[in-house]
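Visitor: What follows is query-v6.csv; its format and atoms are CSV, C-alpha atoms and all ligand atoms.
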```csv
chain,number,residue,atom,x,y,z
A,1,MET,CA,-28.3,16.5,1.9
A,2,LYS,CA,-29.6,19.6,0.2
A,3,ASP,CA,-27.4,19.0,-2.8
A,4,LYS,CA,-29.6,16.3,-4.5
A,5,GLU,CA,-27.2,15.8,-7.4
A,6,ILE,CA,-24.3,14.8,-5.2
A,7,GLU,CA,-26.6,12.9,-2.8
A,8,LYS,CA,-27.8,10.8,-5.7
A,9,LEU,CA,-24.3,10.0,-7.0
A,10,ILE,CA,-23.2,9.0,-3.5
A,11,SER,CA,-26.2,6.7,-3.1
A,12,GLN,CA,-25.6,5.2,-6.6
A,13,GLU,CA,-22.0,4.6,-5.7
A,14,LYS,CA,-23.1,2.9,-2.4
A,15,LYS,CA,-25.4,0.6,-4.4
A,16,ARG,CA,-22.6,-0.1,-6.9
A,17,GLN,CA,-20.2,-1.0,-4.1
A,18,ARG,CA,-22.8,-3.3,-2.5
A,19,GLY,CA,-23.7,-5.0,-5.7
A,20,VAL,CA,-20.3,-6.1,-6.9
A,21,VAL,CA,-17.6,-8.5,-5.8
A,22,ASN,CA,-14.6,-6.3,-5.1
A,23,LEU,CA,-11.3,-7.9,-5.8
A,24,ILE,CA,-9.2,-4.7,-6.0
A,25,PRO,CA,-6.4,-5.5,-3.5
A,26,SER,CA,-5.8,-1.8,-2.6
A,27,GLU,CA,-9.4,-1.2,-1.6
A,28,ASN,CA,-11.4,-1.9,1.5
A,29,TYR,CA,-14.6,-1.0,3.4
A,30,GLU,CA,-14.1,1.5,6.2
A,31,SER,CA,-16.2,1.3,9.3
A,32,GLU,CA,-19.0,3.8,10.0
A,33,ASP,CA,-16.9,5.3,12.8
A,34,VAL,CA,-14.0,6.0,10.4
A,35,LEU,CA,-16.4,7.7,8.0
A,36,LYS,CA,-17.9,9.7,10.8
A,37,ALA,CA,-14.6,11.0,11.9
A,38,LEU,CA,-13.7,11.8,8.3
A,39,GLY,CA,-16.9,13.8,7.8
A,40,SER,CA,-16.6,15.7,11.1
A,41,VAL,CA,-16.2,19.4,12.0
A,42,LEU,CA,-12.4,18.8,12.3
A,43,ASP,CA,-12.4,19.4,8.6
A,44,ASN,CA,-13.1,23.1,9.4
A,45,LYS,CA,-9.8,23.6,11.2
A,46,TYR,CA,-6.4,24.8,10.0
A,47,ALA,CA,-3.6,23.3,12.0
A,48,GLU,CA,-0.4,24.0,10.1
A,49,GLY,CA,2.6,22.8,12.0
A,50,TYR,CA,2.7,19.9,14.6
A,51,PRO,CA,1.0,19.4,17.9
A,52,HIS,CA,1.9,22.1,20.4
A,53,LYS,CA,3.8,24.0,17.7
A,54,ARG,CA,1.2,25.3,15.4
A,55,TYR,CA,0.9,28.4,13.2
A,56,TYR,CA,-2.8,29.1,14.1
A,57,GLY,CA,-4.7,29.4,17.4
A,58,GLY,CA,-7.6,27.2,18.6
A,59,GLN,CA,-5.7,23.9,18.7
A,60,THR,CA,-7.0,22.5,22.0
A,61,TYR,CA,-8.6,19.5,20.5
A,62,THR,CA,-6.7,19.1,17.2
A,63,ASP,CA,-3.5,18.7,19.2
A,64,LYS,CA,-5.1,16.0,21.2
A,65,VAL,CA,-6.4,14.2,18.0
A,66,GLU,CA,-3.0,14.2,16.4
A,67,ASP,CA,-1.2,13.2,19.6
A,68,LEU,CA,-3.7,10.3,19.9
A,69,ALA,CA,-3.2,9.2,16.3
A,70,ARG,CA,0.6,9.1,16.7
A,71,GLU,CA,0.4,7.3,20.1
A,72,ARG,CA,-2.0,4.7,18.6
A,73,ALA,CA,0.2,4.2,15.5
A,74,LEU,CA,3.3,3.4,17.6
A,75,LYS,CA,1.3,1.2,19.9
A,76,LEU,CA,-0.3,-0.8,17.1
A,77,PHE,CA,3.1,-1.7,15.6
A,78,LYS,CA,4.7,-2.2,19.1
A,79,LEU,CA,7.2,0.7,18.7
A,80,ALA,CA,8.9,2.4,21.7
A,81,PRO,CA,8.2,6.2,21.5
A,82,LYS,CA,11.8,6.9,22.4
A,83,LYS,CA,13.0,4.8,19.4
A,84,TRP,CA,10.5,5.5,16.7
A,85,SER,CA,8.7,8.6,15.5
A,86,VAL,CA,5.6,8.7,13.3
A,87,ASN,CA,4.2,11.5,11.1
A,88,VAL,CA,0.5,11.1,10.4
A,89,GLN,CA,0.1,14.2,8.2
A,90,PRO,CA,0.9,13.0,4.6
A,91,LEU,CA,-2.2,13.4,2.5
A,92,SER,CA,-1.7,10.0,0.8
A,93,GLY,CA,0.9,7.4,0.0
A,94,SER,CA,2.5,9.2,-2.9
A,95,PRO,CA,3.2,12.4,-1.0
A,96,ALA,CA,4.5,10.3,1.9
A,97,ASN,CA,7.1,8.7,-0.3
A,98,LEU,CA,8.0,12.0,-1.9
A,99,ALA,CA,8.5,13.5,1.6
A,100,VAL,CA,11.0,10.7,2.5
A,101,TYR,CA,13.1,11.2,-0.6
A,102,LEU,CA,13.1,15.0,-0.1
A,103,ALA,CA,14.3,14.4,3.4
A,104,THR,CA,17.0,11.8,2.8
A,105,VAL,CA,18.2,11.7,-0.8
A,106,PRO,CA,20.1,14.7,-2.4
A,107,LEU,CA,18.3,16.0,-5.5
A,108,GLY,CA,19.5,14.0,-8.5
A,109,GLY,CA,20.7,11.2,-6.1
A,110,LYS,CA,20.0,7.4,-6.6
A,111,ILE,CA,16.9,5.6,-5.3
A,112,MET,CA,16.8,1.9,-5.8
A,113,GLY,CA,13.3,0.7,-6.4
A,114,MET,CA,11.4,-2.1,-8.2
A,115,SER,CA,10.3,-1.3,-11.8
A,116,LEU,CA,6.6,-0.8,-12.4
A,117,THR,CA,6.2,-3.8,-14.6
A,118,ASN,CA,7.7,-6.1,-11.9
A,119,GLY,CA,5.4,-4.7,-9.2
A,120,GLY,CA,6.9,-1.5,-7.9
A,121,HIS,CA,4.9,1.7,-7.4
A,122,LEU,CA,5.1,4.8,-9.6
A,123,THR,CA,6.6,6.7,-6.6
A,124,HIS,CA,9.5,4.2,-6.3
A,125,GLY,CA,11.3,6.3,-8.9
A,126,GLN,CA,9.5,5.7,-12.2
A,127,LYS,CA,10.2,8.2,-14.9
A,128,VAL,CA,6.6,9.3,-15.3
A,129,SER,CA,6.4,10.2,-11.6
A,130,MET,CA,8.0,13.3,-10.1
A,131,THR,CA,10.2,10.8,-8.1
A,132,GLY,CA,11.8,9.6,-11.3
A,133,LYS,CA,12.4,13.2,-12.6
A,134,VAL,CA,14.0,14.6,-9.5
A,135,TRP,CA,15.9,11.5,-8.5
A,136,GLN,CA,17.5,8.7,-10.5
A,137,GLN,CA,15.8,5.3,-10.2
A,138,ILE,CA,18.1,2.3,-10.1
A,139,ALA,CA,15.5,-0.3,-11.1
A,140,TYR,CA,15.5,-3.9,-10.0
A,141,GLY,CA,13.0,-6.6,-10.8
A,142,VAL,CA,12.1,-10.2,-10.0
A,143,ASP,CA,13.9,-13.3,-11.2
A,144,SER,CA,12.5,-14.3,-14.6
A,145,LYS,CA,12.0,-17.9,-13.6
A,146,SER,CA,10.8,-17.8,-9.9
A,147,GLU,CA,9.2,-14.4,-10.3
A,148,VAL,CA,10.4,-13.5,-6.8
A,149,VAL,CA,13.1,-11.0,-5.8
A,150,ASN,CA,16.6,-12.4,-6.6
A,151,TYR,CA,18.6,-11.1,-3.6
A,152,ILE,CA,21.9,-12.1,-5.1
A,153,GLU,CA,21.4,-10.0,-8.2
A,154,LEU,CA,20.0,-7.3,-6.1
A,155,GLU,CA,23.1,-7.1,-3.9
A,156,LYS,CA,25.4,-7.0,-7.0
A,157,LEU,CA,23.4,-4.1,-8.4
A,158,ALA,CA,23.3,-2.2,-5.1
A,159,ARG,CA,27.1,-2.6,-4.6
A,160,LYS,CA,27.7,-1.4,-8.1
A,161,GLU,CA,25.3,1.6,-8.0
A,162,LYS,CA,25.6,2.6,-4.4
A,163,PRO,CA,22.1,4.2,-4.1
A,164,ALA,CA,21.4,6.6,-1.2
A,165,LEU,CA,18.1,4.7,-0.5
A,166,ILE,CA,16.7,1.3,-1.2
A,167,VAL,CA,12.9,0.8,-1.4
A,168,CYS,CA,11.2,-2.5,-0.9
A,169,GLY,CA,7.5,-3.2,-0.4
A,170,TYR,CA,5.4,-3.1,-3.6
A,171,THR,CA,2.1,-2.7,-5.4
A,172,ALA,CA,1.8,-5.9,-7.3
A,173,TYR,CA,4.0,-8.5,-5.5
A,174,SER,CA,2.3,-11.3,-3.5
A,175,ARG,CA,5.3,-12.9,-1.7
A,176,ILE,CA,6.9,-12.3,1.6
A,177,VAL,CA,9.7,-9.7,1.3
A,178,ASP,CA,12.9,-10.8,3.2
A,179,PHE,CA,13.5,-7.5,5.1
A,180,LYS,CA,16.6,-9.0,6.8
A,181,LYS,CA,18.2,-9.6,3.4
A,182,PHE,CA,17.3,-6.1,2.4
A,183,ARG,CA,18.9,-4.7,5.5
A,184,LYS,CA,22.1,-6.6,4.8
A,185,ILE,CA,22.2,-5.3,1.2
A,186,ALA,CA,21.5,-1.7,2.4
A,187,ASP,CA,24.4,-2.0,4.9
A,188,ALA,CA,26.7,-3.4,2.3
A,189,CYS,CA,26.3,-0.3,0.0
A,190,GLY,CA,25.8,2.3,2.7
A,191,ALA,CA,22.1,3.0,1.8
A,192,LEU,CA,19.1,3.8,3.9
A,193,LEU,CA,16.4,1.1,3.9
A,194,MET,CA,12.8,2.3,3.3
A,195,VAL,CA,9.9,-0.2,3.4
A,196,ASP,CA,6.7,0.9,1.7
A,197,MET,CA,4.2,-1.3,3.5
A,198,SER,CA,1.2,0.4,2.0
A,199,HIS,CA,-0.3,-2.9,0.7
A,200,PHE,CA,0.4,-5.1,3.7
A,201,ALA,CA,0.3,-2.8,6.7
A,202,GLY,CA,-2.9,-4.3,7.9
A,203,LEU,CA,-1.4,-7.8,7.7
A,204,VAL,CA,1.6,-6.6,9.7
A,205,ALA,CA,-0.7,-5.1,12.3
A,206,GLY,CA,-2.7,-8.3,12.5
A,207,GLU,CA,0.6,-10.3,12.8
A,208,ALA,CA,-0.1,-12.3,9.7
A,209,TYR,CA,2.9,-11.0,7.7
A,210,PRO,CA,6.5,-10.3,8.9
A,211,SER,CA,7.1,-7.0,10.4
A,212,PRO,CA,9.6,-4.7,8.7
A,213,PHE,CA,10.2,-2.6,11.8
A,214,PRO,CA,13.2,-4.6,13.1
A,215,TYR,CA,15.1,-3.9,9.9
A,216,ALA,CA,14.0,-0.7,8.2
A,217,ASP,CA,15.2,2.9,8.9
A,218,ILE,CA,12.0,4.4,7.5
A,219,ILE,CA,8.6,2.9,6.8
A,220,THR,CA,5.8,4.5,4.8
A,221,THR,CA,2.3,3.2,4.5
A,222,THR,CA,-1.1,4.2,3.2
A,223,THR,CA,-3.9,3.8,5.7
A,224,HIS,CA,-6.7,2.8,3.3
A,225,LYS,CA,-5.7,-0.6,2.0
A,226,THR,CA,-5.4,-3.7,4.3
A,227,LEU,CA,-5.3,-1.3,7.3
A,228,ARG,CA,-8.9,-0.4,6.5
A,229,GLY,CA,-8.7,3.2,7.4
A,230,PRO,CA,-9.5,6.4,5.5
A,231,ARG,CA,-7.4,7.5,2.6
A,232,GLY,CA,-4.1,8.8,4.1
A,233,ALA,CA,-0.6,7.8,5.0
A,234,MET,CA,2.0,7.6,7.8
A,235,ILE,CA,5.7,7.8,7.9
A,236,PHE,CA,7.6,5.9,10.6
A,237,SER,CA,11.3,6.7,11.2
A,238,LYS,CA,13.9,5.7,13.6
A,239,ILE,CA,15.0,8.2,16.2
A,240,ASP,CA,18.8,8.4,16.4
A,241,SER,CA,21.7,10.7,15.7
A,242,ARG,CA,20.8,10.8,11.9
A,243,GLU,CA,17.7,12.8,12.9
A,244,LEU,CA,15.7,11.2,10.1
A,245,ASN,CA,12.5,12.0,12.0
A,246,LYS,CA,13.2,15.7,12.2
A,247,LYS,CA,14.2,15.8,8.5
A,248,ILE,CA,11.0,13.9,7.5
A,249,ASP,CA,8.7,16.2,9.6
A,250,LYS,CA,10.3,19.2,7.9
A,251,ALA,CA,9.9,17.6,4.5
A,252,VAL,CA,6.1,17.0,5.1
A,253,PHE,CA,5.5,20.4,6.5
A,254,PRO,CA,6.6,23.0,5.3
A,255,GLY,CA,8.4,21.1,2.6
A,256,LEU,CA,5.5,19.7,0.7
A,257,GLN,CA,2.2,20.5,2.5
A,258,GLY,CA,0.3,23.2,4.3
A,259,GLY,CA,-2.4,22.5,6.8
A,260,PRO,CA,-2.9,18.8,7.7
A,261,HIS,CA,-6.4,17.3,7.1
A,262,MET,CA,-7.4,17.0,10.7
A,263,SER,CA,-10.6,15.0,10.0
A,264,GLN,CA,-8.4,12.5,8.1
A,265,ILE,CA,-6.0,12.3,11.0
A,266,ALA,CA,-8.9,11.6,13.4
A,267,ALA,CA,-10.2,8.9,11.0
A,268,ILE,CA,-6.8,7.3,10.9
A,269,ALA,CA,-6.8,7.3,14.8
A,270,VAL,CA,-10.1,5.5,14.8
A,271,ALA,CA,-8.9,2.9,12.3
A,272,LEU,CA,-5.7,2.3,14.3
A,273,LYS,CA,-7.8,1.6,17.4
A,274,GLU,CA,-10.0,-0.8,15.4
A,275,ALA,CA,-6.8,-2.6,14.1
A,276,SER,CA,-5.6,-3.1,17.7
A,277,ASN,CA,-8.8,-5.1,18.4
A,278,PRO,CA,-8.1,-8.9,18.6
A,279,ASN,CA,-10.7,-9.4,15.8
A,280,PHE,CA,-8.4,-7.6,13.5
A,281,LYS,CA,-5.8,-10.4,13.9
A,282,LYS,CA,-8.5,-12.9,12.7
A,283,TYR,CA,-9.3,-10.6,9.8
A,284,ALA,CA,-5.7,-10.3,8.7
A,285,LYS,CA,-5.2,-14.1,8.8
A,286,GLN,CA,-8.5,-14.7,6.9
A,287,VAL,CA,-7.4,-12.2,4.2
A,288,ILE,CA,-4.4,-14.4,3.4
A,289,LYS,CA,-6.3,-17.6,3.6
A,290,ASN,CA,-8.9,-16.2,1.2
A,291,ALA,CA,-6.2,-15.0,-1.3
A,292,GLN,CA,-4.6,-18.4,-1.2
A,293,ALA,CA,-7.9,-20.2,-1.7
A,294,LEU,CA,-8.5,-17.9,-4.7
A,295,ALA,CA,-5.0,-18.5,-6.2
A,296,ASN,CA,-5.1,-22.2,-5.7
A,297,GLU,CA,-8.5,-22.7,-7.3
A,298,LEU,CA,-7.5,-20.5,-10.3
A,299,MET,CA,-4.4,-22.5,-10.7
A,300,ARG,CA,-6.3,-25.8,-10.5
A,301,LEU,CA,-8.6,-24.4,-13.3
A,302,GLY,CA,-5.5,-23.9,-15.5
A,303,TRP,CA,-4.7,-20.2,-14.9
A,304,LYS,CA,-1.1,-19.0,-14.5
A,305,VAL,CA,-0.7,-17.3,-11.1
A,306,VAL,CA,2.6,-15.2,-11.0
A,307,SER,CA,5.2,-16.9,-8.8
A,308,GLY,CA,2.9,-19.9,-8.4
A,309,GLY,CA,0.8,-18.6,-5.5
A,310,THR,CA,0.6,-15.9,-2.8
A,311,ASP,CA,1.8,-15.3,0.8
A,312,SER,CA,-0.4,-12.2,1.2
A,313,HIS,CA,-3.7,-10.5,0.2
A,314,LEU,CA,-2.8,-10.2,-3.5
A,315,VAL,CA,-3.0,-12.6,-6.5
A,316,LEU,CA,-1.4,-11.6,-9.8
A,317,VAL,CA,-2.8,-13.7,-12.7
A,318,ASP,CA,-1.3,-14.0,-16.2
A,319,THR,CA,-4.5,-14.0,-18.3
A,320,TRP,CA,-2.6,-13.6,-21.6
A,321,MET,CA,-0.5,-16.8,-21.2
A,322,GLY,CA,1.8,-16.1,-24.1
A,323,GLY,CA,-1.2,-15.4,-26.5
A,324,ALA,CA,-3.2,-18.5,-25.5
A,325,GLY,CA,-5.5,-16.4,-23.3
A,326,ILE,CA,-6.9,-12.9,-23.2
A,327,SER,CA,-5.3,-9.5,-22.4
A,328,GLY,CA,-5.7,-8.0,-18.9
A,329,THR,CA,-7.8,-5.1,-20.3
A,330,GLU,CA,-10.2,-7.6,-21.9
A,331,ALA,CA,-10.3,-9.7,-18.7
A,332,GLU,CA,-11.0,-6.6,-16.5
A,333,ALA,CA,-13.8,-5.5,-18.8
A,334,ARG,CA,-15.4,-9.0,-19.0
A,335,LEU,CA,-15.2,-9.5,-15.2
A,336,GLU,CA,-16.8,-6.1,-14.6
A,337,ARG,CA,-19.7,-7.1,-16.9
A,338,GLY,CA,-20.0,-10.2,-14.7
A,339,GLY,CA,-20.1,-8.2,-11.5
A,340,ILE,CA,-16.5,-8.7,-10.4
A,341,ILE,CA,-14.2,-5.7,-10.1
A,342,CYS,CA,-10.5,-6.0,-10.5
A,343,ASN,CA,-7.7,-4.1,-12.3
A,344,LYS,CA,-5.6,-4.9,-15.3
A,345,ASN,CA,-1.9,-5.2,-14.4
A,346,THR,CA,1.5,-5.8,-15.9
A,347,ILE,CA,3.3,-9.1,-15.1
A,348,PRO,CA,7.0,-9.8,-14.7
A,349,GLY,CA,8.6,-10.0,-18.2
A,350,GLU,CA,5.7,-8.0,-19.6
A,351,THR,CA,5.5,-8.3,-23.4
A,352,ARG,CA,2.5,-6.0,-23.9
A,353,SER,CA,2.0,-2.4,-22.7
A,354,PRO,CA,1.0,-1.0,-19.2
A,355,PHE,CA,-2.2,0.3,-20.9
A,356,ASP,CA,-3.1,-3.2,-22.3
A,357,PRO,CA,-1.0,-5.6,-20.2
A,358,SER,CA,-1.0,-9.4,-19.8
A,359,GLY,CA,-2.6,-9.8,-16.5
A,360,ILE,CA,-5.0,-8.8,-13.8
A,361,ARG,CA,-4.4,-8.1,-10.1
A,362,LEU,CA,-6.9,-9.6,-7.6
A,363,GLY,CA,-7.1,-9.3,-3.8
A,364,SER,CA,-9.0,-10.4,-0.8
A,365,PRO,CA,-9.1,-7.5,1.7
A,366,ALA,CA,-12.4,-5.9,0.7
A,367,GLU,CA,-14.4,-9.2,0.4
A,368,THR,CA,-12.9,-10.5,3.7
A,369,THR,CA,-14.2,-7.4,5.4
A,370,ARG,CA,-17.6,-8.4,4.1
A,371,GLY,CA,-17.2,-11.8,5.8
A,372,LYS,CA,-16.1,-14.0,2.9
A,373,LYS,CA,-14.3,-17.3,3.7
A,374,GLU,CA,-12.3,-19.8,1.6
A,375,LYS,CA,-15.4,-21.6,0.3
A,376,ASP,CA,-16.7,-18.3,-1.1
A,377,MET,CA,-13.4,-17.5,-2.7
A,378,ILE,CA,-13.4,-20.9,-4.5
A,379,LYS,CA,-16.8,-20.0,-5.9
A,380,ILE,CA,-15.5,-16.6,-7.0
A,381,ALA,CA,-12.5,-18.3,-8.7
A,382,ARG,CA,-14.9,-20.6,-10.6
A,383,LYS,CA,-17.0,-17.6,-11.7
A,384,ILE,CA,-13.9,-15.8,-12.9
A,385,ASP,CA,-12.8,-18.9,-14.8
A,386,ALA,CA,-16.3,-19.2,-16.4
A,387,ILE,CA,-16.3,-15.5,-17.4
A,388,LEU,CA,-12.8,-15.5,-18.9
A,389,ARG,CA,-13.3,-18.7,-20.9
A,390,LYS,CA,-16.5,-17.6,-22.6
B,401,LIG,C1,3.1,0.4,-2.6
B,401,LIG,C2,2.4,1.7,-2.7
B,401,LIG,N1,2.9,2.8,-2.3
B,401,LIG,C3,2.3,4.0,-2.5
B,401,LIG,C4,1.1,4.1,-3.1
B,401,LIG,C5,0.4,5.4,-3.3
B,401,LIG,O1,-0.7,5.7,-2.5
B,401,LIG,P1,-1.7,6.8,-2.9
B,401,LIG,O2,-2.5,6.3,-4.1
B,401,LIG,O3,-2.5,7.0,-1.7
B,401,LIG,O4,-1.0,8.0,-3.3
B,401,LIG,C6,0.4,2.9,-3.5
B,401,LIG,C7,-0.9,3.0,-4.1
B,401,LIG,O5,-1.4,2.1,-4.7
B,401,LIG,C8,1.1,1.7,-3.4
B,401,LIG,O6,0.6,0.5,-3.8
```
How does this structure look as structure tokens?
Ligand SMILES: Cc1ncc(COP(=O)(O)O)c(C=O)c1O
Guide:
Amino acid sequence: MKDKEIEKLISQEKKRQRGVVNLIPSENYESEDVLKALGSVLDNKYAEGYPHKRYYGGQTYTDKVEDLARERALKLFKLAPKKWSVNVQPLSGSPANLAVYLATVPLGGKIMGMSLTNGGHLTHGQKVSMTGKVWQQIAYGVDSKSEVVNYIELEKLARKEKPALIVCGYTAYSRIVDFKKFRKIADACGALLMVDMSHFAGLVAGEAYPSPFPYADIITTTTHKTLRGPRGAMIFSKIDSRELNKKIDKAVFPGLQGGPHMSQIAAIAVALKEASNPNFKKYAKQVIKNAQALANELMRLGWKVVSGGTDSHLVLVDTWMGGAGISGTEAEARLERGGIICNKNTIPGETRSPFDPSGIRLGSPAETTRGKKEKDMIKIARKIDAILRK
């Protein structure tokens, strides 16, 4: 690179990434091929619109790239092209969720989503997000004892509030979501069901976590977490008389965005092909085994893991333990000094603040990409214990 300042910072970041244990559950290591597509000449091209219906000339290859990305997305999740549509243009997960609401919920209407402190994402209708200013969030949480979704309470709330859309699939929730129950609840109150599978999309692709496709009307996902692609997002929607797919396409462009990032779409296509390789199934299963090994060892060492374990890639740890331990902020800082990167996180029934919460969120996707197995995760858990007890 001619720009030595940026070149140096990139190489320093590369060294940092290589030198730490990365337990951030929403991060991963993209392949060289994904990075190559991302840094390609496709980034020079304006392609406003959709394949074969663009607002600029010169689309011979960009149309093929986007068609291929869509085809691979449907194939990976075993969806019939006549029944499901996919939009691969959202720039990231937050704009993808915003596009769905814009397409399906009247302004000021009700969106039922999990509260932030219980594990929901900002874009599931939190007040600090645009999604909570334009629409009204009907917040649900987890059961205070089991720390998993209480479907009976959820149904009561849904029947009372009659939201236009129910969102499930979270940011800090480690258990299997019962999509069938969510479908039943959505039907009982006349709501659309949207699953935000951003965190576990790679686990669904690898057949290590239940698929939401048989139950949801709309599915959003980021492409950069367990799916191991570039930063980006996709929106899947059912094709039927409600024309959700057409409304969503319009909401993405021209509703919210201009030209799609074609290099990003090409990189998504590469990642989707990689995820269809049989090795990816092994990866997805190992991600869960590794998270479970981490959670079990931490619990054996006396730490409180929210909900008593994990079914996925994510482990939420209560480091505060009612005042007997340390705050999430302190835990995150101490671990970073010890070469382990994670993030502070609220826990269900949070008594502190989101800026200085009671827990940390750990995850296995990045370290599993680097080849870690259960025995390595047990060692990492012991190191975490030693650092936090100092
Ligand atoms: C469940 C969920 N949805 C959406 C997003 C938003 O994704 P992005 O950061 O790409 O906007 C996240 C990000 O952490 C997430 O966890």
Visitor: Select, from A:Lys181, A:Lys64, A:Lys145, A:Lys285, the residue with the minimum atom-to-atom distance to A:Thr369, counting only C-alpha atoms.
Guide: A:Lys285
Visitor: Counting only C-alpha atoms and all ligand atoms, which protein, DNA or RNA residues come within 12 Å of ligand LIG 401 (chain B), given as a short mmCIF file (atom, residue, chain, number, x, y, z; two decimals) with C-alpha atoms, in the coordinates of the input?
Guide:
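Written out: out_12.cif:
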```cif
data_model
loop_
_atom_site.label_atom_id
_atom_site.label_comp_id
_atom_site.auth_asym_id
_atom_site.auth_seq_id
_atom_site.Cartn_x
_atom_site.Cartn_y
_atom_site.Cartn_z
CA ILE A 24 -9.20 -4.70 -6.00
CA PRO A 25 -6.40 -5.50 -3.50
CA SER A 26 -5.80 -1.80 -2.60
CA GLU A 27 -9.40 -1.20 -1.60
CA PRO A 90 0.90 13.00 4.60
CA LEU A 91 -2.20 13.40 2.50
CA SER A 92 -1.70 10.00 0.80
CA GLY A 93 0.90 7.40 0.00
CA SER A 94 2.50 9.20 -2.90
CA PRO A 95 3.20 12.40 -1.00
CA ALA A 96 4.50 10.30 1.90
CA ASN A 97 7.10 8.70 -0.30
CA LEU A 98 8.00 12.00 -1.90
CA GLY A 113 13.30 0.70 -6.40
CA MET A 114 11.40 -2.10 -8.20
CA SER A 115 10.30 -1.30 -11.80
CA LEU A 116 6.60 -0.80 -12.40
CA GLY A 119 5.40 -4.70 -9.20
CA GLY A 120 6.90 -1.50 -7.90
CA HIS A 121 4.90 1.70 -7.40
CA LEU A 122 5.10 4.80 -9.60
CA THR A 123 6.60 6.70 -6.60
CA HIS A 124 9.50 4.20 -6.30
CA GLY A 125 11.30 6.30 -8.90
CA SER A 129 6.40 10.20 -11.60
CA THR A 131 10.20 10.80 -8.10
CA VAL A 167 12.90 0.80 -1.40
CA CYS A 168 11.20 -2.50 -0.90
CA GLY A 169 7.50 -3.20 -0.40
CA TYR A 170 5.40 -3.10 -3.60
CA THR A 171 2.10 -2.70 -5.40
CA ALA A 172 1.80 -5.90 -7.30
CA TYR A 173 4.00 -8.50 -5.50
CA SER A 174 2.30 -11.30 -3.50
CA MET A 194 12.80 2.30 3.30
CA VAL A 195 9.90 -0.20 3.40
CA ASP A 196 6.70 0.90 1.70
CA MET A 197 4.20 -1.30 3.50
CA SER A 198 1.20 0.40 2.00
CA HIS A 199 -0.30 -2.90 0.70
CA PHE A 200 0.40 -5.10 3.70
CA ALA A 201 0.30 -2.80 6.70
CA ILE A 219 8.60 2.90 6.80
CA THR A 220 5.80 4.50 4.80
CA THR A 221 2.30 3.20 4.50
CA THR A 222 -1.10 4.20 3.20
CA THR A 223 -3.90 3.80 5.70
CA HIS A 224 -6.70 2.80 3.30
CA LYS A 225 -5.70 -0.60 2.00
CA THR A 226 -5.40 -3.70 4.30
CA GLY A 229 -8.70 3.20 7.40
CA PRO A 230 -9.50 6.40 5.50
CA ARG A 231 -7.40 7.50 2.60
CA GLY A 232 -4.10 8.80 4.10
CA ALA A 233 -0.60 7.80 5.00
CA MET A 234 2.00 7.60 7.80
CA ILE A 235 5.70 7.80 7.90
CA LEU A 314 -2.80 -10.20 -3.50
CA ASN A 343 -7.70 -4.10 -12.30
CA ARG A 361 -4.40 -8.10 -10.10
#
```
Visitor: Please return, as a ChimeraX atom specification, all polymer residues that have at least one atom within 12 Å of the point (-6.0, 16.8, 21.9); use all atoms listed in the file and the file's own coordinate frame.
Guide: /A:42,50-52,58-71,262,265-266,269
Visitor: Counting all atoms listed in the file, which of A:Ser241, A:Thr104, A:Ser276, A:Gln257 gets nearest to A:Leu193?
Guide: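 The shortest atom-to-atom distance to A:Leu193 comes from A:Thr104.
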Visitor: Would you list the residues near (-10.3, -17.7, -5.0), meaning any protein, DNA or RNA residue with an atom at most 9 Å from that point in file coordinates, counting all atoms listed in the file, as number ranges by chain?
Guide: A: 290-298, 364, 374-382, 384
Visitor: Under the rule that only C-alpha atoms are counted, which of A:Ala47, A:Ala205, A:Val287, A:Val177 is the nearest residue to A:Gly259?
Guide: A:Ala47
Visitor: So which residues touch A:Pro106 within 12 Å, counting all atoms listed in the file, skipping near sequence neighbours fewer than 2 positions away, as a list in words?
Guide: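 The contact residues come out as Val100, Tyr101, Leu102, Ala103, Thr104, Gly108, Gly109, Lys110, Ile111, Val134, Trp135, Gln136, Pro163, Ala164 and Leu165 of chain A.
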Visitor: Calculated over all atoms listed in the file, which of the candidates A:Ile341, A:Leu301, A:Ile6, A:Leu107 has the smallest distance to A:Gly19?
Guide: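 Of A:Ile341, A:Leu301, A:Ile6, A:Leu107, the one nearest A:Gly19 is A:Ile341, counting all atoms listed in the file.
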Visitor: One number please: atom CA of A:Ser40 to atom CA of A:Tyr56, in Å, one decimal.
Guide: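 Between atom CA of A:Ser40 and atom CA of A:Tyr56 the gap is 19.5 Å.
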Visitor: List as a list in words the protein and nucleic acid residues near stretch 281-283 of chain A, meaning an atom at most 9 Å away when only C-alpha atoms are counted, but skip any in the same chain fewer than 3 places from it.
Guide: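 Close residues of stretch 281-283 of chain A: Leu203, Ala205, Gly206, Glu207, Ala208, Ala275, Ser276, Asn277, Pro278, Gln286, Val287, Ile288, Pro365, Thr368, Thr369 and Gly371 of chain A.
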Visitor: Using atom CA of A:Val306 and atom CA of A:Thr319 as the two end points, give the distance in Å to one decimal.
Guide: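 Result for atom CA of A:Val306 versus atom CA of A:Thr319: 10.3 Å, one decimal.
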Visitor: Rounded to one decimal in Å, what is the spacing between atom CA of A:Val86 and atom CA of A:Ser263?
Guide: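 These atoms are spaced 17.7 Å apart.
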Visitor: In terms of the shortest atom-to-atom distance over all atoms listed in the file, which of A:Ile239, A:Phe253, A:Phe77, A:Met112 is closest to A:Cys189?
Guide: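 The closest residue to A:Cys189 is A:Met112.
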Visitor: May I have the residues within 10 Å of A:Lys247 as a list in words, using only C-alpha atoms and disregarding those fewer than 2 positions away in the same chain?
Guide: Ala99, Val100, Leu102, Ala103, Thr104, Ser237, Arg242, Glu243, Leu244, Asn245, Asp249, Lys250, Ala251, Val252 and Gly255 of chain A
